[in-house]
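Have a look at structure.csv below; it lists CSV, C-alpha atoms.
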chain,number,residue,atom,x,y,z
A,26,MET,CA,-81.4,72.3,84.5
A,27,ASP,CA,-83.7,72.3,81.4
A,28,VAL,CA,-81.9,75.4,80.1
A,29,LEU,CA,-78.6,73.6,80.4
A,30,ARG,CA,-80.0,70.5,78.7
A,31,GLU,CA,-81.4,72.5,75.8
A,32,ALA,CA,-78.1,74.4,75.4
A,33,SER,CA,-76.0,71.3,75.5
A,34,LEU,CA,-78.2,69.7,72.8
A,35,ALA,CA,-78.1,72.8,70.6
A,36,GLN,CA,-74.2,72.8,70.8
A,37,HIS,CA,-74.1,69.0,70.3
A,38,LYS,CA,-72.4,68.6,73.6
A,39,ALA,CA,-74.8,66.1,75.2
A,40,ALA,CA,-72.7,63.4,77.1
A,41,LYS,CA,-72.2,60.2,75.1
A,42,PRO,CA,-73.6,58.0,77.8
A,43,GLN,CA,-76.8,60.0,77.6
A,44,HIS,CA,-77.3,59.2,73.9
A,45,ALA,CA,-80.2,56.9,74.6
A,46,VAL,CA,-82.1,59.5,76.6
A,47,VAL,CA,-81.6,62.2,74.0
A,48,ALA,CA,-82.5,59.7,71.2
A,49,PHE,CA,-85.7,58.8,73.0
A,50,GLN,CA,-86.7,62.4,73.6
A,51,LYS,CA,-86.1,63.3,70.0
A,52,ALA,CA,-88.0,60.3,68.8
A,53,PHE,CA,-90.8,61.3,71.1
A,54,LEU,CA,-91.1,64.8,69.8
A,55,ASP,CA,-90.8,63.7,66.1
A,56,ASN,CA,-93.6,61.2,66.8
A,57,ILE,CA,-95.8,64.0,68.2
A,58,ARG,CA,-94.9,66.3,65.3
A,59,ARG,CA,-96.2,63.6,62.9
A,60,ASN,CA,-99.2,62.3,64.8
A,61,GLY,CA,-100.3,65.0,67.2
A,62,ARG,CA,-100.6,62.3,69.9
A,63,LEU,CA,-98.1,59.7,70.9
A,64,ALA,CA,-98.0,56.5,68.9
A,65,GLU,CA,-96.3,54.2,71.4
A,66,LEU,CA,-95.3,51.3,69.1
A,67,GLU,CA,-94.0,53.6,66.4
A,68,LEU,CA,-92.0,55.5,69.1
A,69,ILE,CA,-90.4,52.3,70.4
A,70,GLY,CA,-89.5,51.0,66.9
A,71,LEU,CA,-87.9,54.2,65.8
A,72,TYR,CA,-86.1,54.8,69.1
A,73,LYS,CA,-84.6,51.3,69.1
A,74,ALA,CA,-83.6,51.7,65.4
A,75,ASP,CA,-81.8,55.0,66.3
A,76,VAL,CA,-79.9,53.4,69.2
A,77,VAL,CA,-78.8,50.4,67.1
A,78,TRP,CA,-77.7,52.7,64.3
A,79,ASN,CA,-75.8,55.1,66.5
A,80,THR,CA,-74.3,52.7,69.1
A,81,GLY,CA,-74.4,49.3,67.5
A,82,ARG,CA,-76.1,47.9,70.6
A,83,ILE,CA,-78.2,45.2,68.8
A,84,GLY,CA,-79.4,43.8,72.1
A,85,VAL,CA,-81.7,46.8,72.6
A,86,LEU,CA,-84.0,45.4,69.8
A,87,PHE,CA,-85.0,42.5,72.0
A,88,LYS,CA,-85.2,44.4,75.3
A,89,ASP,CA,-88.7,44.2,76.8
A,90,ALA,CA,-89.9,42.1,73.8
A,91,GLY,CA,-91.4,39.7,76.3
A,92,LEU,CA,-93.7,42.4,77.6
A,93,ALA,CA,-95.5,42.8,74.2
A,94,PRO,CA,-97.8,39.7,74.6
A,95,GLN,CA,-98.5,40.6,78.2
A,96,LEU,CA,-99.5,44.1,77.2
A,97,ASN,CA,-101.6,42.7,74.4
A,98,LYS,CA,-103.4,40.3,76.8
A,99,ARG,CA,-104.3,43.3,78.9
A,100,LYS,CA,-105.5,45.3,75.9
A,101,LYS,CA,-102.8,47.9,76.4
A,102,LEU,CA,-101.2,47.6,72.9
A,103,HIS,CA,-102.7,49.7,70.1
A,104,LEU,CA,-101.6,48.7,66.6
A,105,LEU,CA,-103.6,51.6,65.1
A,106,PRO,CA,-102.9,54.5,67.4
A,107,GLU,CA,-105.0,57.6,67.7
A,108,LYS,CA,-103.9,60.7,65.8
A,109,ALA,CA,-105.0,64.3,66.2
A,110,LYS,CA,-107.3,65.4,63.3
A,111,ASP,CA,-105.7,68.8,62.8
A,112,ARG,CA,-102.1,67.7,62.4
A,113,GLY,CA,-101.4,70.7,60.3
A,114,VAL,CA,-101.6,73.0,63.3
A,115,VAL,CA,-99.2,70.7,65.2
A,116,GLU,CA,-96.7,70.9,62.4
A,117,ARG,CA,-97.0,74.7,62.4
A,118,ILE,CA,-96.6,74.9,66.2
A,119,PHE,CA,-93.4,72.8,65.9
A,120,ALA,CA,-92.1,75.0,63.1
A,121,ARG,CA,-92.7,78.2,65.1
A,122,CYS,CA,-91.0,76.8,68.1
A,123,SER,CA,-87.9,76.0,66.1
A,124,ALA,CA,-86.7,73.0,64.1
A,125,ARG,CA,-83.8,72.4,66.4
A,126,CYS,CA,-85.1,69.4,68.3
A,127,SER,CA,-85.1,67.1,65.2
A,128,GLU,CA,-81.8,68.2,63.8
A,129,PRO,CA,-79.3,65.2,63.6
A,130,GLU,CA,-76.4,65.4,66.0
A,131,LYS,CA,-73.0,65.9,64.5
A,132,LYS,CA,-70.9,62.8,64.5
B,25,MET,CA,-121.2,67.7,87.5
B,26,ASN,CA,-119.6,68.1,84.1
B,27,ILE,CA,-115.9,68.9,83.8
B,28,GLY,CA,-113.5,69.3,80.9
B,29,TYR,CA,-111.2,66.3,80.5
B,30,TYR,CA,-107.7,66.2,79.0
B,31,PRO,CA,-106.8,62.5,79.0
B,32,GLY,CA,-103.3,62.9,77.6
B,33,CYS,CA,-101.5,60.2,75.5
B,34,ALA,CA,-100.9,57.7,78.3
B,35,LEU,CA,-104.6,57.2,79.2
B,36,HIS,CA,-105.5,56.6,75.5
B,37,GLY,CA,-102.4,54.3,75.2
B,38,SER,CA,-100.9,51.7,77.5
B,39,SER,CA,-102.5,53.3,80.6
B,40,ASN,CA,-106.0,52.9,79.4
B,41,ASP,CA,-106.8,50.9,82.6
B,42,TYR,CA,-106.5,54.3,84.4
B,43,GLU,CA,-109.2,55.9,82.1
B,44,GLN,CA,-111.4,52.9,82.6
B,45,SER,CA,-111.1,53.2,86.4
B,46,LEU,CA,-111.7,57.0,86.3
B,47,ARG,CA,-114.9,56.7,84.2
B,48,ALA,CA,-116.3,53.9,86.3
B,49,CYS,CA,-115.5,55.6,89.6
B,50,LEU,CA,-116.3,59.2,88.8
B,51,GLY,CA,-119.4,58.3,86.8
B,52,LEU,CA,-120.9,56.7,89.9
B,53,LEU,CA,-120.2,59.9,91.7
B,54,ASP,CA,-122.1,61.8,89.0
B,55,VAL,CA,-119.0,63.4,87.5
B,56,GLN,CA,-119.2,63.4,83.7
B,57,LEU,CA,-115.9,63.8,81.9
B,58,GLN,CA,-116.2,65.9,78.7
B,59,GLU,CA,-113.1,65.2,76.6
B,60,ILE,CA,-111.6,68.2,74.9
B,61,LYS,CA,-112.1,68.0,71.1
B,62,ASP,CA,-109.0,67.2,69.1
B,63,TRP,CA,-106.5,67.6,72.0
B,64,ILE,CA,-102.8,67.0,71.3
B,65,CYS,CA,-99.9,65.7,73.3
B,66,CYS,CA,-98.5,68.1,75.9
B,67,GLY,CA,-94.9,67.2,74.9
B,68,ALA,CA,-94.2,65.6,78.3
B,69,THR,CA,-90.6,65.3,79.5
B,70,ALA,CA,-89.2,65.4,76.0
B,71,ALA,CA,-90.5,68.9,75.3
B,72,HIS,CA,-89.4,70.5,78.6
B,73,SER,CA,-86.0,68.9,78.3
B,74,LEU,CA,-85.3,69.8,74.6
B,75,ASN,CA,-87.3,72.9,73.7
B,76,HIS,CA,-88.8,75.3,76.3
B,77,LYS,CA,-91.0,77.2,73.9
B,78,LEU,CA,-92.5,74.0,72.6
B,79,SER,CA,-93.1,72.8,76.2
B,80,LEU,CA,-95.4,75.8,76.6
B,81,ALA,CA,-97.0,75.9,73.2
B,82,LEU,CA,-98.2,72.3,73.1
B,83,PRO,CA,-100.2,72.4,76.4
B,84,ALA,CA,-101.2,76.0,75.5
B,85,ARG,CA,-103.1,74.6,72.5
B,86,ASN,CA,-105.0,72.2,74.8
B,87,LEU,CA,-105.8,75.0,77.2
B,88,ALA,CA,-107.1,77.1,74.4
B,89,LEU,CA,-109.2,74.2,73.1
B,90,ALA,CA,-110.7,73.7,76.6
B,91,GLU,CA,-111.5,77.4,76.9
B,92,ARG,CA,-113.0,77.4,73.4
B,93,ASP,CA,-115.3,74.5,74.5
B,94,GLY,CA,-116.4,76.6,77.5
B,95,HIS,CA,-114.8,74.5,80.2
B,96,LYS,CA,-114.3,76.4,83.5
B,97,GLN,CA,-112.6,73.3,85.0
B,98,LEU,CA,-110.1,71.1,83.2
B,99,PHE,CA,-109.3,67.7,84.7
B,100,ALA,CA,-105.9,66.3,83.7
B,101,PRO,CA,-105.4,62.9,85.5
B,102,CYS,CA,-101.7,62.7,84.5
B,103,PRO,CA,-99.7,64.9,86.9
B,104,LEU,CA,-97.2,65.7,84.1
B,105,CYS,CA,-99.9,66.9,81.8
B,106,SER,CA,-101.5,68.8,84.6
B,107,MET,CA,-98.2,70.5,85.6
B,108,GLN,CA,-97.6,71.5,81.9
B,109,LEU,CA,-101.0,73.1,81.7
B,110,LEU,CA,-100.4,75.0,85.0
B,111,LYS,CA,-97.0,76.1,83.7
B,112,VAL,CA,-98.7,77.7,80.7
B,113,GLN,CA,-101.1,79.5,83.0
B,114,LYS,CA,-98.2,80.8,85.1
B,115,ALA,CA,-96.3,82.0,81.9
B,116,ILE,CA,-99.4,83.8,80.7
B,117,ALA,CA,-100.0,85.5,84.1
B,118,GLY,CA,-96.3,86.3,84.8
B,119,ASN,CA,-94.4,87.5,81.7
B,120,GLY,CA,-96.9,88.5,79.1
B,121,ALA,CA,-96.4,85.4,77.0
B,122,ARG,CA,-100.1,85.2,76.2
B,123,GLY,CA,-100.0,87.1,72.9
B,124,GLU,CA,-97.0,85.1,71.5
B,125,LEU,CA,-98.4,81.8,72.6
B,126,ALA,CA,-101.9,82.5,71.2
B,127,GLN,CA,-100.2,83.3,67.8
B,128,ILE,CA,-98.1,80.1,67.9
B,129,VAL,CA,-101.1,77.9,68.7
B,130,GLU,CA,-103.6,79.7,66.4
B,131,ALA,CA,-106.2,80.2,69.1
B,132,ASP,CA,-107.3,82.7,71.8
B,133,LEU,CA,-105.8,82.0,75.2
B,134,ARG,CA,-107.2,83.4,78.4
B,135,GLY,CA,-105.7,80.9,80.9
B,136,ASP,CA,-108.7,81.1,83.2
B,137,SER,CA,-109.8,77.4,83.3
B,138,GLN,CA,-109.1,75.8,86.7
B,139,VAL,CA,-106.7,72.8,86.1
B,140,LEU,CA,-107.5,69.9,88.4
B,141,ASN,CA,-105.6,66.7,89.4
B,142,LEU,CA,-107.4,63.6,90.5
B,143,ILE,CA,-107.1,64.4,94.2
B,144,GLN,CA,-108.7,67.8,93.7
B,145,VAL,CA,-111.6,66.3,91.8
B,146,PHE,CA,-112.3,64.1,94.8
B,147,GLN,CA,-111.9,67.2,97.1
B,148,ASN,CA,-114.5,69.0,94.9
B,149,ILE,CA,-116.9,66.1,95.1
B,150,GLY,CA,-116.5,66.4,98.9
B,151,LEU,CA,-114.9,63.8,101.2
B,152,ASP,CA,-118.1,63.7,103.4
B,153,ARG,CA,-120.1,62.9,100.3
B,154,LEU,CA,-117.5,60.3,99.4
B,155,LYS,CA,-117.7,58.7,102.9
B,156,ALA,CA,-121.5,58.7,102.7
B,157,ALA,CA,-121.4,56.8,99.3
B,158,VAL,CA,-119.0,54.1,100.6
B,159,LYS,CA,-120.7,50.6,100.4
B,160,ILE,CA,-117.7,48.4,101.1
B,161,PRO,CA,-115.2,50.0,103.5
B,162,GLN,CA,-111.7,49.0,102.5
B,163,LYS,CA,-110.7,47.8,106.0
B,164,GLU,CA,-108.2,45.2,104.7
B,165,ILE,CA,-106.2,47.9,102.8
B,166,THR,CA,-103.1,49.5,104.4
B,167,ALA,CA,-101.9,51.9,101.7
B,168,ALA,CA,-98.7,53.7,101.1
B,169,CYS,CA,-99.9,56.9,99.3
B,170,TYR,CA,-97.4,57.7,96.5
B,171,TYR,CA,-97.5,61.2,95.1
B,172,GLY,CA,-94.3,61.0,93.0
B,173,CYS,CA,-92.6,64.1,91.7
B,174,LEU,CA,-95.2,66.1,90.0
B,175,LEU,CA,-98.5,66.2,91.9
B,176,THR,CA,-97.0,68.7,94.3
B,177,ARG,CA,-94.0,70.0,92.5
B,178,PRO,CA,-92.7,72.5,91.5
B,179,PRO,CA,-94.7,74.2,94.3
B,180,ASP,CA,-94.7,77.6,92.7
B,181,VAL,CA,-96.5,76.0,89.7
B,182,THR,CA,-98.8,73.4,91.3
B,183,HIS,CA,-99.8,75.3,94.5
B,184,PHE,CA,-101.1,72.0,95.8
B,185,ASP,CA,-100.7,70.5,99.2
B,186,ASP,CA,-97.4,70.5,101.1
B,187,PHE,CA,-94.8,69.7,98.5
B,188,GLU,CA,-92.6,67.6,100.9
B,189,GLN,CA,-95.1,66.1,103.3
B,190,PRO,CA,-98.4,66.1,101.4
B,191,THR,CA,-101.5,64.5,103.1
B,192,SER,CA,-104.4,65.1,100.7
B,193,MET,CA,-104.3,61.7,99.1
B,194,GLU,CA,-104.3,60.1,102.6
B,195,ALA,CA,-107.5,62.0,103.4
B,196,VAL,CA,-109.2,60.5,100.3
B,197,VAL,CA,-107.9,57.0,101.1
B,198,ALA,CA,-109.2,57.4,104.7
B,199,ALA,CA,-112.6,58.2,103.3
B,200,THR,CA,-112.8,54.7,101.8
B,201,GLY,CA,-112.2,53.1,105.2
B,202,ALA,CA,-108.7,52.1,104.4
B,203,LYS,CA,-105.6,52.7,106.6
B,204,THR,CA,-102.5,54.5,105.4
B,205,VAL,CA,-98.8,54.3,106.5
B,206,ASP,CA,-96.2,56.9,107.1
B,207,TRP,CA,-93.2,56.1,104.9
B,208,ASN,CA,-90.1,57.7,103.4
B,209,TYR,CA,-90.7,57.7,99.6
B,210,LYS,CA,-94.0,59.3,99.0
B,211,THR,CA,-92.7,62.2,97.0
B,212,GLU,CA,-89.5,60.6,95.5
B,213,CYS,CA,-89.2,60.1,91.8
B,214,CYS,CA,-89.9,56.7,90.2
B,215,GLY,CA,-87.9,57.5,87.0
B,216,ALA,CA,-91.1,58.3,85.0
B,217,GLY,CA,-90.4,58.6,81.3
B,218,MET,CA,-86.9,57.0,81.6
B,219,THR,CA,-88.4,53.5,81.5
B,220,MET,CA,-87.2,52.9,78.0
B,221,ALA,CA,-84.0,54.9,77.8
B,222,ASN,CA,-82.6,54.3,81.3
B,223,GLU,CA,-84.1,51.3,82.8
B,224,ASP,CA,-81.4,50.7,85.3
B,225,THR,CA,-82.3,53.9,87.1
B,226,VAL,CA,-86.0,53.2,87.0
B,227,LEU,CA,-85.5,49.7,88.5
B,228,ASP,CA,-83.4,51.1,91.2
B,229,LEU,CA,-85.8,53.8,92.1
B,230,ALA,CA,-88.9,51.5,91.8
B,231,HIS,CA,-87.1,49.0,94.1
B,232,LYS,CA,-86.5,51.6,96.8
B,233,ILE,CA,-90.1,52.8,96.6
B,234,LEU,CA,-91.7,49.3,96.7
B,235,SER,CA,-89.5,47.9,99.4
B,236,ASN,CA,-89.8,51.0,101.6
B,237,ALA,CA,-93.6,50.8,101.4
B,238,ALA,CA,-93.5,47.1,102.3
B,239,ALA,CA,-91.1,47.8,105.2
B,240,HIS,CA,-93.5,50.3,106.7
B,241,GLY,CA,-96.4,47.8,106.7
B,242,ALA,CA,-98.2,48.7,103.5
B,243,ASN,CA,-100.0,46.0,101.6
B,244,CYS,CA,-100.5,48.2,98.5
B,245,ILE,CA,-99.4,51.5,97.0
B,246,VAL,CA,-101.9,54.1,95.7
B,247,VAL,CA,-100.9,56.4,92.9
B,248,ALA,CA,-102.6,59.1,90.8
B,249,CYS,CA,-100.1,59.0,87.9
B,250,PRO,CA,-100.0,56.7,84.9
B,251,MET,CA,-96.2,56.7,84.7
B,252,CYS,CA,-95.8,55.9,88.4
B,253,HIS,CA,-98.2,53.0,87.8
B,254,VAL,CA,-96.2,51.7,84.9
B,255,ASN,CA,-92.9,51.8,86.8
B,256,LEU,CA,-94.2,50.3,90.0
B,257,ASP,CA,-96.7,47.7,88.5
B,258,MET,CA,-95.5,46.7,85.1
B,259,LYS,CA,-91.8,46.9,86.1
B,260,GLN,CA,-92.3,45.0,89.4
B,261,GLU,CA,-91.4,41.7,87.9
B,262,ALA,CA,-88.1,43.1,86.5
B,263,VAL,CA,-87.5,44.7,90.0
B,264,ASN,CA,-88.0,41.3,91.6
B,265,ARG,CA,-85.6,39.6,89.0
B,266,ARG,CA,-82.9,42.1,89.9
B,267,TYR,CA,-83.4,42.6,93.6
B,268,GLY,CA,-85.4,39.6,94.7
B,269,LYS,CA,-82.4,37.6,96.0
B,270,LYS,CA,-81.4,40.5,98.2
B,271,HIS,CA,-84.7,40.2,100.1
B,272,GLY,CA,-85.1,36.4,99.7
B,273,LYS,CA,-88.7,36.9,98.5
B,274,LYS,CA,-90.7,38.7,95.8
B,275,LEU,CA,-92.2,42.0,96.7
B,276,GLY,CA,-95.8,41.3,95.3
B,277,MET,CA,-97.1,44.9,96.0
B,278,VAL,CA,-100.4,45.7,94.4
B,279,VAL,CA,-100.5,49.2,92.9
B,280,TYR,CA,-103.9,50.9,92.7
B,281,TYR,CA,-104.9,54.1,91.0
B,282,LEU,CA,-106.6,56.3,93.6
B,283,SER,CA,-109.8,55.9,91.6
B,284,ASP,CA,-109.5,52.1,91.9
B,285,LEU,CA,-109.6,52.2,95.7
B,286,VAL,CA,-112.5,54.7,95.8
B,287,GLY,CA,-114.3,52.6,93.1
B,288,LEU,CA,-113.9,49.4,95.1
B,289,ALA,CA,-115.3,51.2,98.2
B,290,LEU,CA,-118.3,52.4,96.2
B,291,GLY,CA,-119.0,48.8,95.3
B,292,ILE,CA,-117.7,48.7,91.7
B,293,SER,CA,-116.0,45.4,90.7
B,294,ALA,CA,-112.3,45.0,90.1
B,295,GLU,CA,-113.1,44.1,86.5
B,296,GLN,CA,-115.2,47.2,85.9
B,297,LEU,CA,-112.4,49.3,87.2
B,298,GLY,CA,-109.8,47.5,85.1
B,299,ILE,CA,-107.8,46.3,88.1
B,300,ASP,CA,-107.7,42.8,86.5
B,301,ARG,CA,-105.6,44.4,83.7
B,302,HIS,CA,-102.8,45.4,86.1
B,303,PHE,CA,-99.7,43.2,86.2
B,304,VAL,CA,-99.7,42.6,89.9
B,305,THR,CA,-103.3,41.8,90.9
B,306,LYS,CA,-102.8,40.3,94.3
B,307,ALA,CA,-100.2,40.5,97.1
Show me, as structure tokens, the structure contained in the file I just sent.
Amino acid sequence: MDVLREASLAQHKAAKPQHAVVAFQKAFLDNIRRNGRLAELELIGLYKADVVWNTGRIGVLFKDAGLAPQLNKRKKLHLLPEKAKDRGVVERIFARCSARCSEPEKK
Amino acid sequence: MNIGYYPGCALHGSSNDYEQSLRACLGLLDVQLQEIKDWICCGATAAHSLNHKLSLALPARNLALAERDGHKQLFAPCPLCSMQLLKVQKAIAGNGARGELAQIVEADLRGDSQVLNLIQVFQNIGLDRLKAAVKIPQKEITAACYYGCLLTRPPDVTHFDDFEQPTSMEAVVAATGAKTVDWNYKTECCGAGMTMANEDTVLDLAHKILSNAAAHGANCIVVACPMCHVNLDMKQEAVNRRYGKKHGKKLGMVVYYLSDLVGLALGISAEQLGIDRHFVTKA
């Protein structure tokens, strides 16, 4: 299944209804490439911006917005996320494994 | 006992209540967690969906860092992180990927650290020792033990318990004095990382899991995975909004980490374990 997923992405044949899933996973990996560890708020922001830009679904911006204060109350929101110290090696690992995952899809 | 510890991003992010619970519970059992220095994300579902080589390289770097620090055992409390680490070990052993991966991650890679999930850590401590340490038997608890997808699967990678009818978590829960139920969804998927991108599916799956546990007489669900906890605890209000009318009442199912339940039995308070930071704190 993973092989088929990877191939469909490389050939820009991912099904349109799956755009949000592909956008999320690409945003996730780009986040890791930059930070070494996941920065959750940054991921959510960039993922939502991608979905709005590519699908025009403005409503996605407000989805789960009500959860933010509840997460904050429970000390589960981190405005300043952790980053790996050696982010250079993370960049190089990504480069050696191919740049394919962050290429934009053809419109 | 000192063991290497790979927290993964979730436990240093929005699932930091899980780490709080682990440190409180395992600390009392004299298990000291030694975090790998400068660990990186394992790539999670995104890497193994989009880029196979990356899905091996990212956890391989962590494995190499753990070996460099001299850890013979490496505890990864997130089953996805744990499975990714085990996948690297399998790749190294099976198809000679060791040299290429070592070059990619710029570190020596032996693949000889023993990767452990939370249940295995309790097994290593010893269930008899656990029973002897119990101060407050959890007699009021009737738990549905939820393994999710990745604690036992894929079986040729995890080599842990029966991958369709596992019972290892029930044994740990029984050591706390709690009861467990037989139910239908203990190894079904909760939707995991699809919470953001495909919420409809997650809510449907979470509803099935929560309502099946309740129908079989459970008063709580016990998990050993941060993503399962998010989908069953944080999303429970959304599940109730969507499916509550169907049942005529809210589900109100408390979802404990396995270390929460053990910790309560050891006499640690709910606040020390971080249970007060869950979304559903009482039935």
(message) Could you check which residues have any atom within 12 Å of (-98.8, 50.4, 87.7), counting all atoms listed in the file with coordinates taken straight from the file, and then list them as an MDAnalysis selection string?
(response) chainID B and resid 38:42 170 214 216 230 234 244:261 277:282 284 298:305
Show me, as JSON lines, the residues of chain A having an atom within 6 Å of chain B, each with the closest atom pair and its distance in Å, using all atoms listed in the file.
{"residue": "A:Asp27", "atom": "CA", "partner": "B:Ser73", "partner_atom": "CA", "distance": 5.1}
{"residue": "A:Glu31", "atom": "CA", "partner": "B:Leu74", "partner_atom": "CA", "distance": 4.9}
{"residue": "A:Ala45", "atom": "CA", "partner": "B:Ala221", "partner_atom": "CA", "distance": 5.4}
{"residue": "A:Val46", "atom": "CA", "partner": "B:Ala221", "partner_atom": "CA", "distance": 5.1}
{"residue": "A:Gln50", "atom": "CA", "partner": "B:Ala70", "partner_atom": "CA", "distance": 4.6}
{"residue": "A:Gly61", "atom": "CA", "partner": "B:Ile64", "partner_atom": "CA", "distance": 5.2}
{"residue": "A:Arg62", "atom": "CA", "partner": "B:Cys65", "partner_atom": "CA", "distance": 4.9}
{"residue": "A:Leu63", "atom": "CA", "partner": "B:Cys33", "partner_atom": "CA", "distance": 5.7}
{"residue": "A:Arg99", "atom": "CA", "partner": "B:Arg301", "partner_atom": "CA", "distance": 5.1}
{"residue": "A:Lys101", "atom": "CA", "partner": "B:Ser38", "partner_atom": "CA", "distance": 4.4}
{"residue": "A:Ala109", "atom": "CA", "partner": "B:Asp62", "partner_atom": "CA", "distance": 5.7}
{"residue": "A:Ile118", "atom": "CA", "partner": "B:Ile128", "partner_atom": "CA", "distance": 5.7}
{"residue": "A:Cys122", "atom": "CA", "partner": "B:Leu78", "partner_atom": "CA", "distance": 5.5}
(request) Using only C-alpha atoms, determine which residues lie at most 10 Å from A:Thr80, disregarding the query and same-chain residues fewer than 2 positions distant; provide the list as a list of chain:residue names. (result)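 That gives A:Lys41, A:His44, A:Ala45, A:Asp75, A:Val76, A:Val77, A:Trp78, A:Arg82, A:Ile83.
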(request) Provide the atom CA of B:Ile165 to atom CA of B:Val197 distance in Å, to one decimal place. (result)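 Interatomic distance here is 9.4 Å.
Of note, atom CA of A:His37 and atom CA of A:Lys88 are spaced 27.4 Å apart.
Computed from the coordinates, the atom CA of B:Gly172 to atom CA of B:Lys210 distance equals 6.2 Å.
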